[in-house]
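Enquirer: Input structure: upload_17.cif, which contains mmCIF, C-alpha atoms and all ligand atoms.
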data_structure
#
loop_
_atom_site.label_atom_id
_atom_site.label_comp_id
_atom_site.auth_asym_id
_atom_site.auth_seq_id
_atom_site.Cartn_x
_atom_site.Cartn_y
_atom_site.Cartn_z
CA MET N 1493 134.14 145.00 54.10
CA GLY N 1494 130.89 143.08 54.64
CA LYS N 1495 127.89 144.81 56.25
CA TYR N 1496 124.64 143.64 57.75
CA TYR N 1497 121.73 145.45 59.43
CA LEU N 1498 119.84 143.38 61.96
CA ASN N 1499 116.24 144.55 62.46
CA LEU N 1500 114.76 143.34 65.74
CA ASP N 1501 111.10 142.95 66.69
CA HIS N 1502 111.74 144.23 70.23
CA ASP N 1503 113.64 147.17 71.75
CA ILE N 1504 117.01 146.05 73.05
CA ASP N 1505 119.08 147.46 75.91
CA LEU N 1506 122.40 146.43 74.41
CA LYS N 1507 124.47 147.80 77.29
CA LYS N 1508 122.78 145.61 79.90
CA THR N 1509 122.54 142.68 77.51
CA MET N 1510 126.29 142.78 76.91
CA ASP N 1511 127.13 143.21 80.59
CA ILE N 1512 127.34 139.76 82.13
CA GLU N 1513 125.90 136.99 79.97
CA ILE N 1514 128.51 134.40 79.06
CA PRO N 1515 128.03 134.70 75.26
CA ALA N 1516 128.47 138.49 75.63
CA LEU N 1517 131.94 138.05 77.11
CA GLU N 1518 133.32 137.04 73.73
CA TRP N 1519 132.63 140.63 72.63
CA ILE N 1520 135.10 143.31 73.66
CA PRO N 1521 133.77 146.89 73.93
CA PHE N 1522 135.47 149.87 72.38
CA ASN N 1523 133.80 153.29 72.16
CA ASP N 1524 130.18 152.59 71.22
CA ARG N 1525 130.88 149.23 69.57
CA PHE N 1526 131.63 145.63 70.40
CA GLN N 1527 134.07 143.44 68.55
CA THR N 1528 134.77 139.72 68.39
CA VAL N 1529 136.58 137.21 66.19
CA TRP N 1530 134.87 134.22 64.60
CA TYR N 1531 136.64 131.54 62.60
CA ILE N 1532 134.93 130.79 59.34
CA ASN N 1533 136.38 128.05 57.15
CA GLY N 1534 139.54 128.23 59.25
CA LYS N 1535 139.97 131.98 58.72
CA PRO N 1536 139.67 134.60 61.50
CA VAL N 1537 136.97 137.13 60.73
CA HIS N 1538 136.70 140.27 62.88
CA ILE N 1539 133.07 141.19 63.53
CA THR N 1540 131.96 144.59 64.83
CA MET N 1541 128.50 145.29 66.28
CA LYS N 1542 126.91 148.68 66.96
CA GLN N 1543 123.43 149.73 68.01
CA ILE N 1544 122.05 152.41 65.69
CA ALA N 1545 118.39 152.47 66.81
CA PRO N 1546 116.32 150.90 69.61
CA ARG N 1547 115.53 147.98 67.28
CA LYS N 1548 118.41 148.05 64.85
CA LEU N 1549 121.98 146.76 65.08
CA TYR N 1550 124.73 147.25 62.53
CA PHE N 1551 127.36 144.58 61.92
CA CYS N 1552 130.45 144.79 59.77
CA TYR N 1553 133.18 142.26 59.15
CA ASN N 1554 136.59 142.55 57.67
CA ASP N 1555 136.46 140.01 54.91
CA LYS N 1556 134.10 140.42 52.00
CA TYR N 1557 134.95 136.95 50.71
CA VAL N 1558 133.46 135.03 53.64
CA ASP N 1559 130.07 133.38 53.38
CA ASP N 1560 127.73 136.30 54.04
CA GLU N 1561 124.73 134.09 54.66
CA TYR N 1562 126.61 132.15 57.37
CA ILE N 1563 127.44 135.37 59.22
CA HIS N 1564 123.94 136.79 58.81
CA LYS N 1565 122.38 133.59 60.14
CA ARG N 1566 124.71 133.53 63.12
CA VAL N 1567 123.97 137.18 63.86
CA ARG N 1568 120.21 136.63 63.59
CA ASN N 1569 120.45 133.86 66.19
CA LEU N 1570 122.42 135.89 68.73
CA PHE N 1571 119.36 137.18 70.62
CA PRO N 1572 116.67 134.46 70.57
CA PHE N 1573 114.33 136.15 73.10
CA TYR N 1574 114.03 138.88 75.71
CA LEU N 1575 113.70 138.70 79.46
CA ASP N 1576 110.01 139.68 79.40
CA GLN N 1577 109.34 136.57 77.29
CA VAL N 1578 110.61 134.17 79.93
CA ASN N 1579 107.94 132.00 81.57
CA THR N 1580 108.24 133.30 85.12
CA GLY N 1581 105.35 131.43 86.73
CA SER N 1582 102.89 133.12 89.05
CA LEU N 1583 105.15 134.90 91.54
CA LYS N 1584 104.56 138.65 91.36
CA ILE N 1585 108.10 139.51 92.38
CA ILE N 1586 109.59 137.53 89.48
CA GLN N 1587 107.09 139.06 87.08
CA GLU N 1588 108.20 142.52 88.24
CA LEU N 1589 111.79 141.63 87.46
CA ALA N 1590 110.77 140.36 84.03
CA SER N 1591 109.06 143.67 83.38
CA TYR N 1592 111.96 145.78 84.68
CA TYR N 1593 114.52 143.90 82.56
CA ARG N 1594 112.18 143.55 79.57
CA ASN N 1595 114.65 145.01 77.06
CA VAL N 1596 117.54 142.78 78.04
CA ALA N 1597 117.98 140.08 75.42
CA TYR N 1598 118.90 136.54 76.35
CA MET N 1599 121.94 135.58 74.29
CA LYS N 1600 122.58 132.23 72.66
CA SER N 1601 126.05 130.91 72.22
CA MET N 1602 126.35 129.53 68.69
CA ASP N 1603 129.43 127.51 69.56
CA PRO N 1604 129.26 125.37 72.72
CA PHE N 1605 133.02 124.87 72.88
CA ARG N 1606 133.67 128.63 72.80
CA SER N 1607 131.04 128.94 75.52
CA LEU N 1608 132.86 126.37 77.65
CA ILE N 1609 136.22 128.09 77.20
CA LEU N 1610 134.68 131.50 77.97
CA THR N 1611 133.09 130.18 81.14
CA ILE N 1612 136.33 128.59 82.30
CA LEU N 1613 138.16 131.86 81.68
CA SER N 1614 135.49 133.72 83.65
CA GLN N 1615 135.95 131.56 86.78
CA ASN N 1616 137.02 133.89 89.61
CA LYS N 1617 137.72 136.70 87.13
CA THR N 1618 136.00 139.94 86.23
CA GLY N 1619 134.10 140.26 82.99
CA GLU N 1620 136.74 142.71 81.72
CA ALA N 1621 139.65 140.31 82.34
CA THR N 1622 137.66 137.47 80.76
CA ARG N 1623 136.88 139.54 77.67
CA ARG N 1624 140.50 140.60 77.17
CA ALA N 1625 141.87 137.08 77.63
CA PHE N 1626 139.30 135.51 75.33
CA PHE N 1627 139.77 138.16 72.65
CA ASN N 1628 143.51 137.69 72.80
CA LEU N 1629 143.03 133.95 72.40
CA ALA N 1630 140.47 134.25 69.60
CA LYS N 1631 142.68 136.66 67.63
CA ASN N 1632 145.53 134.17 67.59
CA VAL N 1633 144.07 130.67 67.61
CA GLU N 1634 140.96 128.99 66.29
CA ILE N 1635 139.03 127.99 69.39
CA SER N 1636 138.25 124.36 68.65
CA PRO N 1637 139.06 121.09 70.45
CA LEU N 1638 141.34 120.08 67.59
CA LYS N 1639 143.45 123.25 67.65
CA LEU N 1640 143.57 123.63 71.42
CA SER N 1641 144.50 119.97 71.95
CA GLU N 1642 147.64 120.61 69.92
CA ILE N 1643 148.62 124.02 71.25
CA ASP N 1644 151.84 124.58 73.18
CA GLU N 1645 150.92 125.00 76.86
CA ASN N 1646 153.26 127.95 77.48
CA TYR N 1647 151.90 129.75 74.44
CA LEU N 1648 148.35 129.22 75.68
CA ARG N 1649 149.31 130.35 79.19
CA ASN N 1650 150.55 133.61 77.68
CA LEU N 1651 147.46 134.16 75.57
CA ILE N 1652 145.04 133.73 78.49
CA ARG N 1653 147.32 135.22 81.15
CA GLU N 1654 144.80 137.84 82.31
CA ALA N 1655 142.20 135.19 83.11
CA GLY N 1656 144.58 132.83 84.90
CA PRO N 1657 147.41 131.07 83.07
CA TYR N 1658 146.92 127.93 85.20
CA LYS N 1659 143.69 127.30 83.27
CA ALA N 1660 145.75 126.40 80.17
CA LYS N 1661 146.33 122.84 81.32
CA PHE N 1662 142.58 122.28 81.90
CA ILE N 1663 141.74 123.70 78.48
CA ILE N 1664 144.27 121.46 76.74
CA LYS N 1665 143.13 118.37 78.65
CA ILE N 1666 139.45 119.09 77.95
CA SER N 1667 140.25 119.57 74.26
CA GLU N 1668 142.07 116.23 74.16
CA ILE N 1669 139.15 114.43 75.83
CA LEU N 1670 136.60 115.98 73.47
CA LYS N 1671 138.75 115.16 70.45
CA ASP N 1672 139.43 111.56 71.50
CA LYS N 1673 136.09 110.55 73.02
CA PHE N 1674 133.48 112.83 71.46
CA ASP N 1675 134.75 113.40 67.90
CA GLY N 1676 135.78 116.91 68.91
CA ASN N 1677 132.13 117.87 69.09
CA LEU N 1678 130.56 119.22 72.24
CA SER N 1679 127.20 119.72 70.51
CA ASN N 1680 126.33 116.02 70.72
CA ILE N 1681 126.69 116.12 74.50
CA LEU N 1682 124.30 119.06 74.73
CA LEU N 1683 121.60 117.07 72.92
CA LEU N 1684 121.43 114.65 75.84
CA PRO N 1685 118.92 115.06 78.69
CA THR N 1686 120.16 117.76 81.05
CA HIS N 1687 121.26 115.46 83.87
CA GLU N 1688 123.30 113.28 81.49
CA ALA N 1689 124.94 116.27 79.80
CA LEU N 1690 125.68 117.74 83.23
CA GLU N 1691 127.33 114.53 84.37
CA ILE N 1692 129.63 114.43 81.33
CA LEU N 1693 130.51 118.11 81.49
CA THR N 1694 131.33 118.03 85.20
CA SER N 1695 133.60 115.03 84.63
CA LEU N 1696 135.89 117.30 82.56
CA PRO N 1697 138.88 118.81 84.41
CA GLY N 1698 138.25 122.31 85.76
CA VAL N 1699 134.50 122.11 85.09
CA GLY N 1700 132.21 122.37 88.10
CA HIS N 1701 128.43 122.65 88.31
CA LYS N 1702 128.28 126.39 87.62
CA THR N 1703 130.50 126.19 84.54
CA ALA N 1704 128.56 123.23 83.14
CA ALA N 1705 125.25 124.95 83.89
CA CYS N 1706 126.38 128.11 82.05
CA VAL N 1707 127.17 126.07 78.95
CA LEU N 1708 123.80 124.31 79.15
CA VAL N 1709 121.69 127.46 79.63
CA TYR N 1710 123.48 129.53 76.97
CA ALA N 1711 124.62 127.05 74.33
CA ALA N 1712 121.78 124.51 74.61
CA LEU N 1713 119.11 126.90 75.99
CA LYS N 1714 118.29 124.37 78.73
CA LYS N 1715 115.95 125.81 81.33
CA ASP N 1716 115.83 122.97 83.85
CA ILE N 1717 119.19 123.82 85.36
CA LEU N 1718 120.67 127.02 86.69
CA PRO N 1719 124.09 128.43 87.40
CA VAL N 1720 124.34 129.63 90.99
CA ASP N 1721 126.69 132.52 91.56
CA THR N 1722 127.18 134.90 94.47
CA HIS N 1723 124.58 137.39 93.16
CA LEU N 1724 121.89 134.76 92.70
CA ARG N 1725 122.54 133.32 96.17
CA ARG N 1726 122.36 136.70 97.86
CA VAL N 1727 119.40 138.14 95.97
CA THR N 1728 117.16 135.07 96.15
CA TYR N 1729 117.82 134.84 99.90
CA ARG N 1730 117.09 138.52 100.58
CA ILE N 1731 113.94 138.45 98.47
CA GLY N 1732 112.74 135.57 100.61
CA LEU N 1733 112.22 132.97 97.91
CA TYR N 1734 112.93 130.06 100.26
CA ASN N 1735 110.70 129.23 103.18
CA THR N 1736 113.58 128.59 105.49
CA ASP N 1737 114.90 130.04 108.71
CA ILE N 1738 118.41 128.87 107.96
CA PRO N 1739 120.96 131.71 108.03
CA PHE N 1740 122.28 132.82 104.65
CA SER N 1741 125.70 131.22 105.10
CA LYS N 1742 124.11 127.81 105.72
CA VAL N 1743 121.81 127.65 102.70
CA LYS N 1744 123.02 124.88 100.39
CA LYS N 1745 123.32 125.40 96.66
CA LYS N 1746 121.17 122.34 96.03
CA VAL N 1747 118.32 123.83 98.09
CA ILE N 1748 118.44 127.02 96.02
CA ILE N 1749 118.48 125.14 92.72
CA ASN N 1750 115.68 122.73 93.62
CA HIS N 1751 113.49 125.49 94.98
CA LEU N 1752 113.91 127.85 92.03
CA LEU N 1753 113.33 125.00 89.58
CA SER N 1754 110.10 124.17 91.41
CA ILE N 1755 108.65 127.71 91.38
CA ILE N 1756 109.90 129.22 88.08
CA PRO N 1757 109.10 127.29 84.87
CA ASP N 1758 112.01 128.86 82.96
CA ALA N 1759 114.38 128.95 85.92
CA GLY N 1760 117.44 128.46 83.72
CA TYR N 1761 116.75 131.75 81.94
CA ALA N 1762 115.39 133.54 85.01
CA HIS N 1763 118.76 133.26 86.74
CA LEU N 1764 119.69 136.41 84.82
CA TYR N 1765 117.14 138.54 86.74
CA PHE N 1766 118.93 137.85 90.00
CA VAL N 1767 122.40 138.42 88.61
CA LEU N 1768 121.38 141.71 87.01
CA LEU N 1769 119.58 142.87 90.16
CA GLY N 1770 122.55 141.90 92.31
CA ARG N 1771 124.90 143.95 90.17
CA GLU N 1772 122.62 146.95 89.78
CA PHE N 1773 120.86 147.31 93.16
CA CYS N 1774 121.24 144.46 95.62
CA HIS N 1775 124.90 144.97 96.40
CA SER N 1776 126.51 142.85 99.04
CA ARG N 1777 127.38 145.69 101.46
CA LYS N 1778 125.05 148.57 100.63
CA PRO N 1779 121.92 147.43 98.79
CA LEU N 1780 120.14 150.29 97.03
CA CYS N 1781 116.68 149.33 98.30
CA ASN N 1782 115.16 152.78 97.76
CA ASN N 1783 115.80 152.58 94.03
CA CYS N 1784 115.19 148.86 93.62
CA PRO N 1785 112.32 147.89 91.28
CA ILE N 1786 111.04 145.24 93.73
CA ASN N 1787 111.38 147.34 96.88
CA ASN N 1788 107.69 146.95 97.77
CA LEU N 1789 107.68 143.18 97.35
CA CYS N 1790 111.04 142.21 98.82
CA LYS N 1791 111.32 140.66 102.31
CA LYS N 1792 114.73 142.31 102.73
CA ARG N 1793 116.32 139.48 104.70
CA ILE N 1794 119.57 141.41 104.96
S1 LIG N 1801 114.75 145.70 97.95
FE1 LIG N 1801 116.85 145.78 98.74
S2 LIG N 1801 117.23 143.74 99.59
FE2 LIG N 1801 115.44 143.58 98.24
S3 LIG N 1801 116.29 142.95 96.27
FE3 LIG N 1801 116.11 145.17 96.24
S4 LIG N 1801 118.12 145.91 96.90
FE4 LIG N 1801 117.98 143.74 97.48
#
Give the structure from the file, written as C-alpha cells.

Expert:
Amino acid sequence: MGKYYLNLDHDIDLKKTMDIEIPALEWIPFNDRFQTVWYINGKPVHITMKQIAPRKLYFCYNDKYVDDEYIHKRVRNLFPFYLDQVNTGSLKIIQELASYYRNVAYMKSMDPFRSLILTILSQNKTGEATRRAFFNLAKNVEISPLKLSEIDENYLRNLIREAGPYKAKFIIKISEILKDKFDGNLSNILLLPTHEALEILTSLPGVGHKTAACVLVYAALKKDILPVDTHLRRVTYRIGLYNTDIPFSKVKKKVIINHLLSIIPDAGYAHLYFVLLGREFCHSRKPLCNNCPINNLCKKRI
C-alpha cells in the first residue's frame, strides 16, 4: 500500500470543494473518504483521499509498485488555487463571494479526456449518478480515446447506465475522432486559443458549449470562457449583474457570458461562486436570503 501526505498552504473545505466541480465528480465518497481509479502504465490504481487536518490530506493507493512520484505529482496538482485567490475585479458583491468561499479549492483535471467524459456523463444528471457511472466505468476500462474507440457499445451502455446509456454512442464516436484526427490526444486542442479550442470541442458529437467550457476551465484552466448552468443564470440575474430590464426567461446565454467576461477578470473560475451560492442559498423556489452572505448587496430580482 502506497501512502502520501499532502500539506497545503491554505485551509481547505474539502466537502464543498468536492461537491460540484467537474474534476471532483471522478471521486466517489464513502464514509469520510473519497475514492477514484487512475490508470498508470495501463494498470488500474485505486486512490483514496481523506482530510486529516485543515491543511493536510492523506492519500493511499493499492499498489506499492506504481511510480510513487507520478502519483504524488498528480496529487499535488489537484488543487492549484483557492476561490479567494481568483481575480474578481472591483465589484464588491463578487469580492464578498470570494471571501465567503475562500476555503473552497479550485480543482484541476489532470486528464482532459477524463474531464470530457465526466462532463458528458454529468449532462442532465445529478452529481451522485455521474459519480457512480464514472466510477463504474473507470473500474473496468481505461478511460482513453484508444480504449473507448474499441469498446463494445452494449458493454459501455451497461457501464454508464446510471448517467444515460444513450451517451455511449457519443463517447465511442468522440473517441474515434480523437484517435483518427488528433493522435488520441485532447491536450493539443486545449493548447489552442480558447475560441479555436471551443470550436473544435463543440464540433464533437454530444458536446455543446457548456460541456466544452467545463473542459476548458478545469482541464486547461482557461478563464476567458464560462460554463453557464441553471444556477449561474438564476443567481447572476437575481444579484442584478446585468443592466437589463429583460425578464429572466428572455436573457440570452450569450449576454450573460459576454457581460461576466467584461466585468470579472477571472470569469472562468468565478463561475463557481454562482453555482455554489445557487446550491447553498439561492434556491429556485425558496431562496434563503436571510442567511445569504450577500444579502445586503443583492438586488433580489426574484
Ligand atoms: S440574497 Fe437572496 S436572491 Fe440574492 S443571491 Fe442571496 S439568496 Fe439569492

Enquirer: For a quick check of your reading of the model, name the residues lying within 10 Å of the coordinate (117.8, 144.9, 56.9), counting all atoms listed in the file, and write them as a list in words.

Expert: Tyr1496, Tyr1497, Leu1498, Asn1499, Leu1500, Lys1548, Leu1549 and Tyr1550 of chain N

Enquirer: Near segment 1518-1527 of chain N, counting all atoms listed in the file, which residues have an atom at most 8 Å away, once you skip same-chain residues fewer than 5 positions from it, shown as a list in words?

Expert: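 Listing them by chain and then by number gives Met1510, His1538, Ile1539, Thr1540, Met1541, Lys1542, Gln1543, Leu1610, Arg1623, Arg1624, Phe1626 and Phe1627 of chain N.
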
Enquirer: Hey, which residues sit close to ligand LIG 1801 (chain N)? Say within 12 Å, counting only C-alpha atoms and all ligand atoms, and write them as an MDAnalysis selection string.

Expert: chainID N and resid 1585:1586 1588:1589 1723:1733 1765:1794

Enquirer: Between atom CA of Pro1719 of chain N and atom CA of Ser1754 of chain N, what is the distance in Å, rounded to a tenth?

Expert: 15.2 Å

Enquirer: Residues within 9 Å of Phe1605 of chain N, please, as a list in words. Count all atoms listed in the file; anything in the same chain fewer than 2 positions from it doesn't count.

Expert: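 In the requested format, the answer is Asp1603, Ser1607, Leu1608, Ile1609, Leu1610, Ile1635, Ser1636, Pro1637, Asn1677, Leu1678, Ser1679, Val1707 and Ala1711 of chain N.
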
Enquirer: Please provide the set of residues having any atom within 12 Å of Glu1642 of chain N, restricted to all atoms listed in the file, with same-chain residues fewer than 4 positions apart removed, written as a PyMOL selection string.

Expert: chain N and resi 1633-1638+1646-1648+1660-1661+1663-1668+1671

Enquirer: Taking 3 positions as the minimum chain separation for residues in the same chain, which residues sit within 12 Å of Glu1691 of chain N when counting all atoms listed in the file? Answer as number ranges by chain.

Expert: N: 1681-1682, 1684-1688, 1694-1696, 1699-1701, 1704-1705, 1708

Enquirer: Can you pull out every residue within 9 Å of Tyr1710 of chain N, counting all atoms listed in the file, but drop anything in the same chain fewer than 4 positions away, and send it as JSON, numbers by chain?

Expert: {"N": [1513, 1514, 1515, 1598, 1599, 1600, 1601, 1602, 1604, 1607, 1705, 1706, 1714, 1761]}

Enquirer: How would the residues just picked look written out with C-alpha atoms as a tab-separated table (two decimals), in the frame of the given file?

Expert:
chain	number	residue	atom	x	y	z
N	1513	GLU	CA	125.90	136.99	79.97
N	1514	ILE	CA	128.51	134.40	79.06
N	1515	PRO	CA	128.03	134.70	75.26
N	1598	TYR	CA	118.90	136.54	76.35
N	1599	MET	CA	121.94	135.58	74.29
N	1600	LYS	CA	122.58	132.23	72.66
N	1601	SER	CA	126.05	130.91	72.22
N	1602	MET	CA	126.35	129.53	68.69
N	1604	PRO	CA	129.26	125.37	72.72
N	1607	SER	CA	131.04	128.94	75.52
N	1705	ALA	CA	125.25	124.95	83.89
N	1706	CYS	CA	126.38	128.11	82.05
N	1714	LYS	CA	118.29	124.37	78.73
N	1761	TYR	CA	116.75	131.75	81.94

Enquirer: Using only C-alpha atoms, list the residues that have an atom at most 7 Å from (146.0, 132.8, 73.5), coordinates as in the file, as a ChimeraX atom specification.

Expert: /N:1628-1630,1632-1633,1647-1648,1650-1652

Enquirer: Suppose we keep C-alpha atoms; can you now write the selection as a PDB file, in the coordinates of the input?

Expert:
ATOM      1  CA  ASN N1628     143.510 137.690  72.800  1.00  0.00           C
ATOM      2  CA  LEU N1629     143.030 133.950  72.400  1.00  0.00           C
ATOM      3  CA  ALA N1630     140.470 134.250  69.600  1.00  0.00           C
ATOM      4  CA  ASN N1632     145.530 134.170  67.590  1.00  0.00           C
ATOM      5  CA  VAL N1633     144.070 130.670  67.610  1.00  0.00           C
ATOM      6  CA  TYR N1647     151.900 129.750  74.440  1.00  0.00           C
ATOM      7  CA  LEU N1648     148.350 129.220  75.680  1.00  0.00           C
ATOM      8  CA  ASN N1650     150.550 133.610  77.680  1.00  0.00           C
ATOM      9  CA  LEU N1651     147.460 134.160  75.570  1.00  0.00           C
ATOM     10  CA  ILE N1652     145.040 133.730  78.490  1.00  0.00           C
TER      11      ILE N1652
END

Enquirer: Report, in Å to a single decimal, how far apart atom CA of Lys1659 of chain N and atom CA of Leu1690 of chain N are.

Expert: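 Distance reported for this atom pair: 20.4 Å.
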
Enquirer: Measure the distance from atom CA of Leu1764 of chain N to atom CA of Ile1563 of chain N in Å and round it to one decimal.

Expert: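 These two atoms are separated by 26.8 Å.
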
Enquirer: So, with only C-alpha atoms as the atoms that count, which of N:Asn1595, N:Asn1750, N:Thr1722, N:Thr1528 lies closest to Tyr1553 of chain N?

Expert: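 Nearest candidate to Tyr1553 of chain N out of N:Asn1595, N:Asn1750, N:Thr1722, N:Thr1528: N:Thr1528.
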